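Trainee: My structure is below; once you've seen it, I'll send some questions.
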Amino acid sequence: MALASLTISPAIVGASVGPIAHEIDARWLMAYAAGLAETDARYYDTLAPGGPAAHPLFPVCYEWPALLALRAVTTSDEMAIRSVHATHDLVLHRPIRPRETLHTTARVSGLAHRRAGTLMTVRLETIDAAGRPVTSSDYGSVYRGVAFEGADAGHAPPPREAAMASGGEVLRVDIPAGLAHIYSECARIWNPIHTDIAIARAAGLPGIILHGTATLALAVSCVLRHAGVDPRMVRRISGRFTDMVPLPSSLAVHLASPSGDGTFRFDVTRDDEVVMRGGALHLA
């Protein structure tokens, strides 16, 4: 389905919202893990001194309201439904804990021209009640069929990796047809292109697609499970989405040979087509 051309103003670079407060509770942490079909008992142990462990991708849950608030002041509703997750770079300054209040700000940090439209990068900073950093993210979205005038501005996206991860293991994960609905509710991330076929079609998509954060979270889970790593040891996760994941799907996580420096590199394919490239998971 062809999309009508829309134009966004480059003046939105620097626009910001927040801080937005979030109460982190054990129920939310456990629900997110359950939405990914996690079986690691650490994600559900309410008897542990620090409570249940947070999945390393859990920060996307409390970042989402800030992203929505920023979109509301920088894009139209018609533009918003054209947004597809393109890049992700998350730094965890420390593990997330239940029974704490976090505060997130979001700022448009860059615009870049892409063949499909405009890549908007948003910088998300989250601090705790004492003002200490908890997580920082650069979240890139391609707005399909949306253009802007002038040169690329602000934050420059990372270079594109050319080579696939190789020499390691291939890990498999099956995506059931209803996962996008389950993930939406467990993560509290609701974007209609992931659950409403009418809106997905209106946005130019062939059908509903899986959240990019869900694809990344499932890949991270595979890597942690294979390596036997405590999720609380993760300090950075990054990757670039190169294709959409329809539902149902079967994915393959291509894990590179161990680097020996606490970094796991991976790519994700579906039917031999790359859907995520340059994945990296860094440990403390």
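Please note that chains go A, B, ... in the order of the structure tokens, that every chain numbers its residues from 1, and that ligands are numbered from 1 in the order shown.
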Apply DSSP to the backbone of this structure and, from segment 44-164 of chain A, keep only the residues in alpha helix (DSSP H); write these as a list of chain:residue names.

Mentor: A:Pro59, A:Val60, A:Cys61, A:Tyr62, A:Glu63, A:Trp64, A:Pro65, A:Ala66, A:Leu67, A:Leu68, A:Ala69, A:Leu70, A:Arg71, A:Ala72, A:Val73, A:Thr74, A:Asp77, A:Glu78, A:Met79, A:Ala80

Trainee: When you look at segment 193-209 of chain A with a cut-off of 12 Å (counting only C-alpha atoms), what residues show up, excluding the ones that are within fewer than 2 positions of it in the same chain? I need them as a ChimeraX atom specification.

Mentor: /A:1-4,77-85,116,143-146,175-185,189-191,211-215,243-249,275

Trainee: Set the distance at 6 Å and use only C-alpha atoms: which residues neighbour segment 20-34 of chain A once local chain neighbours fewer than 4 positions away are removed? I'd like the list as a JSON list (two decimals) with N, CA and C atoms, in the first residue's frame.

Mentor:
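Everything below was put into result-v1.json:
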```
[["chain", "number", "residue", "atom", "x", "y", "z"],
["A", 38, "GLU", "N", 9.70, -16.27, 29.74],
["A", 38, "GLU", "CA", 10.92, -16.55, 30.49],
["A", 38, "GLU", "C", 10.67, -17.63, 31.54],
["A", 43, "TYR", "N", 13.55, -14.06, 37.64],
["A", 43, "TYR", "CA", 12.60, -13.04, 37.22],
["A", 43, "TYR", "C", 11.31, -13.05, 38.05],
["A", 44, "TYR", "N", 11.10, -14.06, 38.87],
["A", 44, "TYR", "CA", 9.85, -14.22, 39.61],
["A", 44, "TYR", "C", 10.05, -14.38, 41.11],
["A", 54, "ALA", "N", 15.01, -7.71, 37.08],
["A", 54, "ALA", "CA", 14.41, -7.10, 35.89],
["A", 54, "ALA", "C", 15.06, -7.68, 34.64],
["A", 98, "PRO", "N", 12.51, -3.41, 42.11],
["A", 98, "PRO", "CA", 11.12, -3.10, 42.44],
["A", 98, "PRO", "C", 11.06, -2.13, 43.62],
["A", 99, "ARG", "N", 9.89, -1.53, 43.79],
["A", 99, "ARG", "CA", 9.62, -0.60, 44.89],
["A", 99, "ARG", "C", 10.49, 0.66, 44.80],
["A", 100, "GLU", "N", 10.73, 1.13, 43.58],
["A", 100, "GLU", "CA", 11.44, 2.40, 43.43],
["A", 100, "GLU", "C", 10.71, 3.27, 42.42],
["A", 101, "THR", "N", 10.90, 4.58, 42.55],
["A", 101, "THR", "CA", 10.30, 5.54, 41.63],
["A", 101, "THR", "C", 11.40, 6.08, 40.72],
["A", 102, "LEU", "N", 11.15, 5.98, 39.41],
["A", 102, "LEU", "CA", 12.11, 6.46, 38.42],
["A", 102, "LEU", "C", 11.50, 7.62, 37.65],
["A", 103, "HIS", "N", 12.37, 8.46, 37.06],
["A", 103, "HIS", "CA", 11.92, 9.65, 36.34],
["A", 103, "HIS", "C", 12.64, 9.69, 34.99],
["A", 104, "THR", "N", 11.86, 9.78, 33.91],
["A", 104, "THR", "CA", 12.40, 9.72, 32.55],
["A", 104, "THR", "C", 12.13, 11.00, 31.78],
["A", 186, "CYS", "N", 1.71, -7.03, 28.82],
["A", 186, "CYS", "CA", 2.68, -7.28, 29.87],
["A", 186, "CYS", "C", 3.71, -6.16, 29.99],
["A", 187, "ALA", "N", 4.08, -5.58, 28.85],
["A", 187, "ALA", "CA", 5.05, -4.48, 28.86],
["A", 187, "ALA", "C", 4.39, -3.14, 29.12]]
```

Trainee: Would you mind writing down, as number ranges by chain, each residue of segment 54-142 of chain A that DSSP on the backbone assigns to strand (DSSP E or B)?

Mentor: A: 83-92, 100-114, 117-127, 133-142

Trainee: Calculated over only C-alpha atoms, which of the candidates A:Val60, A:Met120, A:Leu218, A:Val91 has the smallest distance to Ala153 of chain A?

Mentor: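 Among the listed residues, A:Met120 lies closest to Ala153 of chain A.
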
Trainee: State, in Å with one decimal place, the distance from atom CA of Leu119 of chain A to atom CA of Ala86 of chain A.

Mentor: 7.8 Å

Trainee: Excluding His113 of chain A and residues on its chain fewer than 3 positions from it, collect all residues at most 9 Å away from it, counting only C-alpha atoms, and give them as an MDAnalysis selection string.

Mentor: chainID A and resid 116:119 147:148 151:152

Trainee: Based on the selection just made, write C-alpha atoms of those residues as a compact mmCIF listing (two decimals), in the first residue's frame.

Mentor:
```txt
# COMPACT_ATOMS: atom_id res chain seq x y z
CA ALA A 116 11.97 4.74 3.51
CA GLY A 117 11.49 8.14 5.19
CA THR A 118 12.94 9.94 8.21
CA LEU A 119 14.98 8.39 11.01
CA ALA A 147 10.45 13.68 4.77
CA PHE A 148 12.19 16.79 6.06
CA ALA A 151 20.76 18.03 5.87
CA ASP A 152 20.81 15.42 8.62
```

Trainee: Could you please determine the separation between atom CA of Asp128 of chain A and atom CA of Arg71 of chain A in Å, to one decimal place?

Mentor: 23.7 Å

Trainee: Which residues are close to segment 93-97 of chain A, i.e. within 6 Å by only C-alpha atoms, leaving aside same-chain residues fewer than 2 positions away? Reply as a list in words.

Mentor: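 Listed by chain and then number, they are Ala54, Val134, Thr135 and Arg232 of chain A.
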
Trainee: Restrict the selected residues to N, CA and C atoms and save them as a short mmCIF file (atom, residue, chain, number, x, y, z; two decimals), in the first residue's frame.

Mentor:
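Dumped to again_6.cif:
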```
data_model
loop_
_atom_site.label_atom_id
_atom_site.label_comp_id
_atom_site.auth_asym_id
_atom_site.auth_seq_id
_atom_site.Cartn_x
_atom_site.Cartn_y
_atom_site.Cartn_z
N ALA A 54 15.01 -7.71 37.08
CA ALA A 54 14.41 -7.10 35.89
C ALA A 54 15.06 -7.68 34.64
N VAL A 134 20.05 5.85 36.05
CA VAL A 134 19.66 4.44 36.07
C VAL A 134 19.82 3.83 34.68
N THR A 135 19.21 4.46 33.68
CA THR A 135 19.37 3.99 32.30
C THR A 135 19.44 5.19 31.35
N ARG A 232 21.20 -9.52 35.68
CA ARG A 232 21.59 -8.30 36.39
C ARG A 232 23.01 -7.86 36.07
#
```

Trainee: Work out how far apart atom CA of Gly18 of chain A and atom CA of Gly154 of chain A are and give it in Å to one decimal.

Mentor: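 These two atoms are separated by 19.9 Å.
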